[in-house]
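data_32.cif follows; it contains mmCIF, C-alpha atoms and all ligand atoms.
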data_upload
loop_
_atom_site.label_atom_id
_atom_site.label_comp_id
_atom_site.auth_asym_id
_atom_site.auth_seq_id
_atom_site.Cartn_x
_atom_site.Cartn_y
_atom_site.Cartn_z
CA ASN A 29 89.62 69.77 122.45
CA GLU A 30 92.39 71.83 120.92
CA HIS A 31 93.65 69.35 118.33
CA GLU A 32 90.30 68.33 116.97
CA TYR A 33 90.20 71.58 114.98
CA ILE A 34 93.80 71.97 113.84
CA MET A 35 93.39 70.35 110.43
CA SER A 36 90.04 71.93 109.74
CA LEU A 37 88.60 73.24 106.50
CA ILE A 38 86.62 76.37 107.31
CA LEU A 39 83.94 78.07 105.22
CA ALA A 40 84.14 81.74 106.19
CA ILE A 41 81.55 84.43 105.44
CA GLU A 42 81.90 88.23 105.72
CA THR A 43 79.07 90.73 105.09
CA SER A 44 79.75 93.52 107.61
CA CYS A 45 79.67 96.42 105.14
CA ASP A 46 79.50 96.57 101.36
CA GLU A 47 81.31 93.42 100.22
CA THR A 48 79.64 90.00 100.15
CA ALA A 49 82.53 87.61 100.73
CA ALA A 50 83.11 83.88 101.24
CA ALA A 51 86.34 81.88 101.49
CA ILE A 52 87.58 78.37 102.14
CA ILE A 53 90.55 78.32 104.53
CA LYS A 54 92.64 75.26 105.32
CA ASP A 55 94.60 74.94 108.57
CA GLY A 56 93.99 78.59 109.41
CA HIS A 57 96.37 80.02 106.85
CA ILE A 58 96.01 78.43 103.41
CA ILE A 59 93.58 80.19 101.07
CA ARG A 60 91.74 77.61 98.99
CA SER A 61 89.35 80.22 97.60
CA ASN A 62 88.53 83.86 98.24
CA VAL A 63 85.42 85.28 96.58
CA VAL A 64 84.34 88.92 96.98
CA ALA A 65 81.29 90.54 95.39
CA SER A 66 81.86 94.25 95.83
CA GLN A 67 78.95 96.69 95.92
CA ILE A 68 81.14 99.75 95.38
CA ASP A 69 79.61 100.56 91.98
CA ILE A 70 76.12 100.47 93.48
CA HIS A 71 76.94 102.80 96.39
CA ARG A 72 79.06 105.27 94.42
CA ALA A 73 75.93 107.10 93.27
CA TYR A 74 75.17 107.92 96.92
CA GLY A 75 78.72 109.03 97.83
CA GLY A 76 78.93 106.35 100.53
CA VAL A 77 77.40 103.08 101.71
CA PHE A 78 73.57 103.13 101.68
CA PRO A 79 72.70 100.60 104.46
CA GLU A 80 69.34 99.29 103.20
CA ILE A 81 70.65 98.80 99.69
CA ALA A 82 73.71 97.05 101.13
CA SER A 83 71.69 94.45 103.04
CA ARG A 84 69.37 93.82 100.09
CA GLN A 85 72.37 93.28 97.80
CA HIS A 86 73.92 90.84 100.33
CA VAL A 87 70.68 88.82 100.14
CA PHE A 88 71.01 88.64 96.34
CA ASP A 89 74.71 87.72 96.38
CA ILE A 90 75.30 85.54 99.43
CA VAL A 91 74.32 82.12 98.05
CA PRO A 92 76.12 82.43 94.67
CA VAL A 93 79.22 83.81 96.45
CA ILE A 94 79.31 80.83 98.86
CA GLN A 95 78.74 78.38 96.00
CA ALA A 96 81.59 79.99 94.04
CA ALA A 97 83.92 79.76 97.06
CA ILE A 98 83.23 76.03 97.46
CA HIS A 99 83.54 75.42 93.73
CA GLU A 100 86.79 77.40 93.32
CA ALA A 101 88.33 75.57 96.27
CA GLY A 102 87.58 72.26 94.53
CA SER A 103 85.70 71.26 97.67
CA SER A 104 82.25 69.91 98.39
CA TRP A 105 79.88 70.58 101.28
CA ASP A 106 80.97 67.28 102.84
CA ASP A 107 84.58 68.49 103.18
CA LEU A 108 83.70 71.36 105.53
CA ASP A 109 84.64 71.10 109.21
CA ALA A 110 83.40 74.44 110.53
CA LEU A 111 81.70 77.74 109.69
CA ALA A 112 83.06 81.20 110.45
CA VAL A 113 81.17 84.47 110.15
CA THR A 114 81.59 88.13 111.12
CA ARG A 115 79.28 89.13 114.00
CA GLY A 116 80.40 92.77 114.27
CA PRO A 117 81.28 95.60 114.16
CA GLY A 118 79.42 96.68 111.02
CA LEU A 119 75.99 97.54 109.63
CA ALA A 120 73.28 95.56 111.47
CA GLY A 121 71.26 94.64 108.37
CA SER A 122 74.39 93.59 106.47
CA LEU A 123 75.78 91.53 109.35
CA LEU A 124 72.45 89.72 109.74
CA VAL A 125 72.53 88.32 106.20
CA GLY A 126 75.92 86.66 106.72
CA ALA A 127 75.20 85.53 110.28
CA ASN A 128 71.83 83.96 109.45
CA THR A 129 73.17 82.22 106.36
CA ALA A 130 76.13 80.81 108.32
CA LYS A 131 73.87 79.67 111.15
CA ALA A 132 71.53 77.93 108.71
CA ILE A 133 74.43 76.05 107.11
CA ALA A 134 75.95 75.14 110.50
CA TRP A 135 72.62 73.93 111.83
CA GLY A 136 71.68 72.08 108.67
CA ARG A 137 74.99 70.24 108.44
CA GLY A 138 75.67 69.86 112.16
CA LEU A 139 78.91 71.85 112.03
CA PRO A 140 80.51 74.10 114.68
CA ILE A 141 80.31 77.85 114.01
CA VAL A 142 82.65 80.62 115.13
CA ALA A 143 81.34 84.19 115.40
CA VAL A 144 84.29 86.45 114.60
CA ASN A 145 85.07 90.07 115.45
CA HIS A 146 85.73 91.91 112.16
CA LEU A 147 88.77 93.69 113.66
CA GLU A 148 90.23 90.38 114.78
CA GLY A 149 89.72 89.31 111.17
CA HIS A 150 91.81 92.25 109.92
CA LEU A 151 94.57 91.30 112.42
CA TYR A 152 94.58 87.74 111.14
CA SER A 153 94.87 88.83 107.50
CA ASN A 154 98.56 88.74 108.41
CA TRP A 155 98.40 85.02 109.17
CA LEU A 156 97.35 84.02 105.67
CA ASP A 157 99.65 82.43 103.13
CA GLU A 158 98.99 83.62 99.63
CA GLY A 159 99.96 80.38 97.95
CA ASP A 160 101.39 80.41 94.45
CA LYS A 161 98.41 81.67 92.48
CA ILE A 162 98.26 84.96 94.28
CA VAL A 163 100.22 88.20 93.82
CA PRO A 164 102.97 88.39 96.47
CA SER A 165 102.93 91.19 99.02
CA ALA A 166 105.13 94.25 98.72
CA ILE A 167 107.24 92.91 101.55
CA THR A 168 108.62 89.40 101.74
CA ARG A 169 107.77 87.75 104.99
CA PRO A 170 108.28 84.36 106.58
CA SER A 171 105.02 82.44 106.74
CA PRO A 172 103.08 83.23 109.93
CA PRO A 173 102.99 79.59 111.11
CA GLU A 174 106.80 79.55 110.71
CA LEU A 175 107.07 82.62 112.93
CA ASP A 176 104.76 81.05 115.49
CA ALA A 177 106.72 77.83 115.55
CA ALA A 178 109.98 79.72 116.03
CA GLY A 179 108.48 81.79 118.87
CA GLU A 180 109.27 84.88 116.81
CA ALA A 181 105.81 86.35 116.32
CA PHE A 182 105.04 87.98 119.68
CA PRO A 183 104.90 90.60 121.07
CA LEU A 184 103.55 92.01 117.85
CA LEU A 185 102.46 95.58 117.22
CA VAL A 186 99.42 95.91 114.96
CA LEU A 187 98.22 99.05 113.22
CA ILE A 188 94.62 98.63 112.03
CA VAL A 189 93.65 101.31 109.52
CA SER A 190 90.23 100.91 107.93
CA GLY A 191 87.15 102.93 107.07
CA GLY A 192 85.76 102.59 110.58
CA HIS A 193 88.85 102.10 112.78
CA THR A 194 92.35 103.38 113.39
CA GLU A 195 93.97 101.60 116.32
CA LEU A 196 97.35 100.54 117.65
CA ILE A 197 97.24 97.15 119.35
CA VAL A 198 99.83 94.95 121.01
CA MET A 199 99.31 91.23 120.52
CA THR A 200 101.09 89.08 123.11
CA GLY A 201 99.69 85.78 121.80
CA HIS A 202 96.76 84.38 119.83
CA GLY A 203 93.58 86.05 121.08
CA GLU A 204 95.56 88.25 123.49
CA TYR A 205 95.24 91.96 122.80
CA ARG A 206 95.98 95.24 124.50
CA ARG A 207 94.83 98.49 122.89
CA LEU A 208 97.45 101.24 123.07
CA GLY A 209 95.33 103.91 121.45
CA ALA A 210 92.81 104.74 118.77
CA THR A 211 91.45 107.66 116.82
CA LEU A 212 89.75 110.39 118.85
CA ASP A 213 87.61 111.43 115.86
CA ASP A 214 87.72 110.18 112.24
CA ALA A 215 89.26 106.88 111.17
CA ALA A 216 92.04 107.15 108.57
CA GLY A 217 89.86 105.64 105.81
CA GLU A 218 87.02 107.95 106.77
CA ALA A 219 89.40 110.91 106.40
CA PHE A 220 90.35 109.70 102.91
CA ASP A 221 86.66 109.38 102.01
CA LYS A 222 85.69 112.83 103.38
CA VAL A 223 88.67 114.69 101.89
CA ALA A 224 88.06 113.01 98.53
CA ARG A 225 84.55 114.47 98.52
CA LEU A 226 85.96 117.90 99.48
CA ILE A 227 88.26 117.98 96.48
CA GLY A 228 85.68 116.53 94.07
CA LEU A 229 86.75 112.88 93.93
CA ASP A 230 84.53 109.77 93.95
CA TYR A 231 83.71 107.25 96.68
CA PRO A 232 85.61 105.31 97.96
CA GLY A 233 88.07 108.12 98.57
CA GLY A 234 91.18 106.05 99.34
CA PRO A 235 91.86 104.65 95.87
CA ALA A 236 90.69 107.96 94.26
CA ILE A 237 93.12 110.05 96.34
CA GLN A 238 95.94 107.60 95.72
CA ALA A 239 95.38 107.85 91.96
CA ALA A 240 95.08 111.66 92.00
CA ALA A 241 98.21 111.96 94.16
CA GLU A 242 100.36 110.17 91.55
CA GLY A 243 101.03 113.38 89.66
CA GLY A 244 101.04 115.69 92.68
CA ASN A 245 103.64 117.27 94.95
CA PRO A 246 103.37 116.00 98.56
CA LEU A 247 105.15 119.16 99.74
CA ALA A 248 102.79 121.58 97.96
CA PHE A 249 100.72 122.19 101.10
CA ALA A 250 101.96 121.87 104.69
CA PHE A 251 99.02 120.06 106.29
CA PRO A 252 99.07 119.32 110.05
CA ARG A 253 100.23 116.00 111.55
CA GLY A 254 97.77 115.59 114.44
CA LEU A 255 98.99 114.56 117.93
CA THR A 256 102.58 113.89 116.81
CA ASN A 257 104.29 116.22 119.26
CA TYR A 258 105.17 113.57 121.83
CA ALA A 259 106.92 116.03 124.15
CA ILE A 260 103.86 118.26 124.47
CA GLN A 261 101.14 115.59 124.47
CA PRO A 262 102.74 112.33 125.67
CA GLU A 263 99.32 111.00 126.77
CA HIS A 264 98.23 111.03 123.12
CA ARG A 265 101.33 109.36 121.71
CA TYR A 266 99.24 106.29 120.68
CA ASN A 267 96.06 108.16 119.77
CA PHE A 268 95.15 109.61 116.39
CA SER A 269 93.21 112.65 115.24
CA PHE A 270 92.38 113.37 111.61
CA SER A 271 89.64 115.98 111.96
CA GLY A 272 92.14 118.87 112.10
CA LEU A 273 93.72 117.64 108.90
CA LYS A 274 90.32 117.43 107.22
CA THR A 275 89.53 121.02 108.32
CA ALA A 276 92.92 122.22 107.07
CA VAL A 277 92.17 120.79 103.62
CA LEU A 278 88.75 122.45 103.66
CA ARG A 279 90.30 125.80 104.62
CA GLN A 280 92.92 125.43 101.88
CA VAL A 281 90.23 124.68 99.29
CA ARG A 282 88.28 127.80 100.32
CA GLU A 283 91.43 129.91 100.25
CA LEU A 284 92.22 128.76 96.72
CA GLY A 285 88.83 130.19 95.71
CA GLU A 286 87.34 130.01 92.21
CA GLY A 287 88.93 128.19 89.31
CA PRO A 288 90.14 124.62 88.93
CA LEU A 289 91.55 123.07 92.12
CA PRO A 290 95.13 121.72 92.19
CA VAL A 291 93.62 118.30 92.95
CA ALA A 292 96.84 116.32 92.50
CA ASP A 293 98.82 118.53 94.90
CA LEU A 294 96.00 118.57 97.47
CA ALA A 295 95.65 114.78 97.28
CA ALA A 296 99.41 114.17 97.49
CA SER A 297 99.87 116.57 100.42
CA PHE A 298 96.91 115.13 102.32
CA GLN A 299 98.05 111.54 101.71
CA ALA A 300 101.59 112.40 102.86
CA ALA A 301 100.21 113.85 106.11
CA VAL A 302 98.14 110.72 106.87
CA VAL A 303 101.05 108.38 106.06
CA ASP A 304 103.45 110.47 108.17
CA VAL A 305 101.19 110.27 111.22
CA LEU A 306 100.56 106.53 110.87
CA ILE A 307 104.24 105.69 110.39
CA SER A 308 105.50 108.08 113.07
CA LYS A 309 103.20 106.69 115.77
CA THR A 310 103.78 103.07 114.80
CA ALA A 311 107.57 103.53 114.82
CA HIS A 312 107.38 105.38 118.15
CA ALA A 313 105.32 102.58 119.75
CA ALA A 314 107.54 99.84 118.32
CA GLN A 315 110.61 101.46 119.84
CA LEU A 316 109.09 102.15 123.27
CA LEU A 317 107.55 98.69 123.59
CA ASN A 318 110.36 96.67 122.09
CA VAL A 319 108.11 94.55 119.89
CA LYS A 320 109.47 91.79 117.63
CA ARG A 321 107.35 92.58 114.60
CA ILE A 322 104.83 95.04 113.19
CA CYS A 323 101.75 94.20 111.14
CA VAL A 324 99.72 96.81 109.27
CA CYS A 325 96.21 95.85 108.12
CA GLY A 326 92.79 97.17 107.10
CA GLY A 327 91.56 98.89 103.93
CA VAL A 328 93.97 101.85 104.14
CA ALA A 329 96.89 99.36 104.21
CA ALA A 330 96.15 98.96 100.50
CA ASN A 331 97.55 102.49 100.04
CA LYS A 332 100.72 102.52 97.94
CA ALA A 333 102.38 105.45 99.72
CA LEU A 334 101.73 103.83 103.10
CA ARG A 335 103.11 100.50 101.89
CA GLU A 336 106.29 102.18 100.66
CA SER A 337 106.77 103.94 103.99
CA VAL A 338 106.15 100.74 105.95
CA ALA A 339 108.92 99.08 103.96
CA ALA A 340 111.30 102.03 104.33
CA ARG A 341 110.70 103.73 107.66
CA LEU A 342 109.80 101.21 110.39
CA PRO A 343 112.44 100.14 112.92
CA VAL A 344 111.55 96.42 113.19
CA PRO A 345 110.48 93.86 110.55
CA ALA A 346 107.04 94.75 109.28
CA SER A 347 104.46 93.02 107.13
CA ILE A 348 101.42 94.14 105.21
CA PRO A 349 99.08 91.64 103.59
CA PRO A 350 98.75 91.73 99.78
CA PHE A 351 96.19 94.26 98.48
CA PHE A 352 93.28 91.85 98.19
CA LEU A 353 93.56 90.91 101.88
CA CYS A 354 93.67 94.54 103.10
CA THR A 355 90.12 95.48 102.16
CA ASP A 356 87.22 93.42 103.49
CA ASN A 357 87.34 89.71 102.66
CA ALA A 358 86.31 86.39 104.19
CA SER A 359 89.75 84.73 104.24
CA MET A 360 90.78 86.85 107.21
CA ILE A 361 87.59 85.80 109.04
CA GLY A 362 88.48 82.13 108.42
CA ALA A 363 92.01 82.65 109.75
CA ALA A 364 90.76 84.40 112.90
CA ALA A 365 88.17 81.63 113.43
CA HIS A 366 90.85 78.96 113.24
CA TYR A 367 92.79 80.51 116.13
CA ARG A 368 89.56 81.29 118.02
CA LEU A 369 88.60 77.60 117.78
CA SER A 370 91.87 76.54 119.36
CA THR A 371 91.77 79.13 122.17
CA GLY A 372 88.05 79.43 122.94
CA GLY A 373 86.11 76.76 121.04
CA PRO A 374 83.04 77.34 118.86
CA SER A 375 80.21 79.84 119.49
CA ALA A 376 76.66 78.95 120.55
CA LEU A 377 74.22 78.94 117.62
CA ASP A 378 72.10 81.68 119.21
CA PHE A 379 74.77 84.42 119.07
CA ASP A 380 73.58 87.84 117.95
CA VAL A 381 75.17 90.31 115.54
CA GLU A 382 76.77 93.30 117.30
CA PRO A 383 77.07 96.47 115.17
CA ASN A 384 79.26 98.23 117.78
CA LEU A 385 81.36 95.28 118.90
CA ALA A 386 84.83 96.26 120.18
CA LEU A 387 87.91 94.05 120.15
CA GLU A 388 87.90 92.13 123.41
CA MET A 389 91.01 92.95 125.43
CA ARG A 390 92.78 90.01 127.03
CA GLU A 391 96.36 89.60 128.15
O1 LIG A 401 88.80 97.53 105.75
P1 LIG A 401 87.86 98.18 104.80
O2 LIG A 401 87.63 97.53 103.47
O3 LIG A 401 86.44 98.33 105.46
C1 LIG A 401 86.30 98.64 106.83
O4 LIG A 401 86.35 97.71 107.66
O5 LIG A 401 86.16 99.86 107.09
O6 LIG A 401 88.36 99.69 104.60
C2 LIG A 401 87.71 100.58 103.75
C3 LIG A 401 88.45 101.89 103.76
C4 LIG A 401 87.75 103.01 102.98
O7 LIG A 401 87.70 104.16 103.80
C5 LIG A 401 88.66 103.23 101.77
O8 LIG A 401 88.67 104.58 101.31
C6 LIG A 401 90.00 102.84 102.33
O9 LIG A 401 89.75 101.73 103.17
N1 LIG A 401 90.95 102.46 101.27
C7 LIG A 401 92.08 103.14 100.98
C8 LIG A 401 92.65 102.50 99.84
N2 LIG A 401 91.85 101.45 99.48
C9 LIG A 401 90.82 101.44 100.37
N3 LIG A 401 92.63 104.21 101.56
C10 LIG A 401 93.78 104.69 101.03
N4 LIG A 401 94.36 104.17 99.95
C11 LIG A 401 93.85 103.08 99.31
N5 LIG A 401 94.46 102.56 98.23
ZN ZN A 402 87.15 96.03 107.39
#
Written as structure tokens, how would this file's structure read?
Ligand code: KG4
Ligand code: ZN
Amino acid sequence: NEHEYIMSLILAIETSCDETAAAIIKDGHIIRSNVVASQIDIHRAYGGVFPEIASRQHVFDIVPVIQAAIHEAGSSWDDLDALAVTRGPGLAGSLLVGANTAKAIAWGRGLPIVAVNHLEGHLYSNWLDEGDKIVPSAITRPSPPELDAAGEAFPLLVLIVSGGHTELIVMTGHGEYRRLGATLDDAAGEAFDKVARLIGLDYPGGPAIQAAAEGGNPLAFAFPRGLTNYAIQPEHRYNFSFSGLKTAVLRQVRELGEGPLPVADLAASFQAAVVDVLISKTAHAAQLLNVKRICVCGGVAANKALRESVAARLPVPASIPPFFLCTDNASMIGAAAHYRLSTGGPSALDFDVEPNLALEMRE
């Protein structure tokens, strides 16, 4: 029954990688609370996410994070109408902690549970209202429910740019997706992380490169823009490739030889190349497909240079969620679950986590 769930208060849980997160979401778009316990400081020593340590830390953090989310929302357990949790893609051991905790709560309290695709969560980060206590996004946008009501949301072009994924997707309605293209090798966030290591910066590479690039010249090095010659390779117009860019930075570093590296110029030039590719392909797709709006989401959408280009260089109205909703969080999982409940109903309690889950295509 579609309407049974419309006014629901959802407790959402996200543990797919290295953040333990819980949120309380009302009506699919109002953030009552959003709690994230990041493990970044723990993993930094290893130069990346250490899977066993990640799942153990989720076990330590999950209950206090959920309790904080309920407390900060001013809610009680009795107010909850449904559970939402990420089932994949992600690290198996990490996913299991969130999924099992959510199942236990759902079973214990007799509540419906929705198993959410993490990528669908990133898409739905665009459907969240920040409310008044939260920093506004770089770009003013009408509230997503307003767009829906006015029939102005779809077709919508979505660029997902995270540590594990770089994809262009057309959304024709809630739960209806068509993938235009994806990365053939590294994801954009992965490229940031690998290039950061190459030029001696810390994990995670995205924020480190952004900070280093502040004082650098983006034109210092002419790094390649992979697969952007649409006349020569039209079949790859919606695909991405960042491995050539990574190799070009490596070659440049070797060529510079001994002595201190021009880290700021390398970071700025690399960042400019990634932003150029992302914006060029998104603009190209928006024009060819005549979409009404563009949404950019995922961890790399937190990047300042990308946000500036989205505001300045895209041909149709575009939105990017505020910073705190770009990187992994549970609010986006709650928003996705709300729409999933109205289009497909709840999940069976015996669902499994799926580390390699892809976004289900439906039109
Ligand atoms: O969405 P996310 O938190 O996790 C995944 O689902 O992968 O994305 C994490 C990725 C990392 O690769 C990180 O380096 C990148 O997002 N990232 C950034 C920035 N903040 C995070 N990349 C560029 N600029 C940033 N400011
Ligand atoms: Zn993510």
| message | Which residues are near ligand LIG 401 (chain A) in this structure, taking near to mean any atom at most 9 Å from a ligand atom and counting all atoms listed in the file? Format them as JSON, numbers by chain. | response | {"A": [44, 45, 46, 47, 117, 118, 146, 147, 150, 188, 189, 190, 191, 192, 193, 215, 216, 217, 218, 219, 220, 221, 222, 224, 231, 232, 233, 234, 235, 236, 237, 238, 239, 299, 325, 326, 327, 328, 329, 330, 331, 332, 333, 334, 351, 354, 355, 356, 357]}
Region 86-89 of chain A: axis-aligned bounding box, 6 Å on each side, centre and edge lengths in Å, one decimal, as AutoDock Vina command-line options:
--center_x 72.7 --center_y 89.3 --center_z 98.3 --size_x 16.0 --size_y 15.1 --size_z 16.0
| message | Nearest residue to Gly372 (chain A) out of A:Leu196, A:Val144, A:Leu111, A:Ile41, using only C-alpha atoms? | response |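 Residue with the minimum atom-to-atom distance to Gly372 (chain A): A:Val144.
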| query | Given the choices A:Arg282, A:Arg115, A:Arg60, A:Arg72, which gets closest to Ala96 (chain A) if the distance is worked out from all atoms listed in the file? | reply |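 Using all atoms listed in the file, Ala96 (chain A) sits closest to A:Arg60.
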| request: Go ahead and compute the interatomic distance for CA of Phe352 (chain A) and CA of Ile94 (chain A), in Å to one decimal. | output: 17.8 Å
Excluding His57 (chain A) and residues on its chain fewer than 4 positions from it, collect all residues at most 6 Å away from it, counting all atoms listed in the file, and give them as a tab-separated table (two decimals) with C-alpha atoms, in the coordinates of the input.
chain	number	residue	atom	x	y	z
A	155	TRP	CA	98.40	85.02	109.17
A	156	LEU	CA	97.35	84.02	105.67
A	157	ASP	CA	99.65	82.43	103.13
A	363	ALA	CA	92.01	82.65	109.75
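The coordinates place CA of Ala358 (chain A) at 5.0 Å from CA of Ala50 (chain A).
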| field | Straight-line distance linking CA of Ser122 (chain A) with CA of Leu208 (chain A), stated in Å to one decimal | value |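 About the pair CA of Ser122 (chain A) and CA of Leu208 (chain A): they are 29.4 Å apart.
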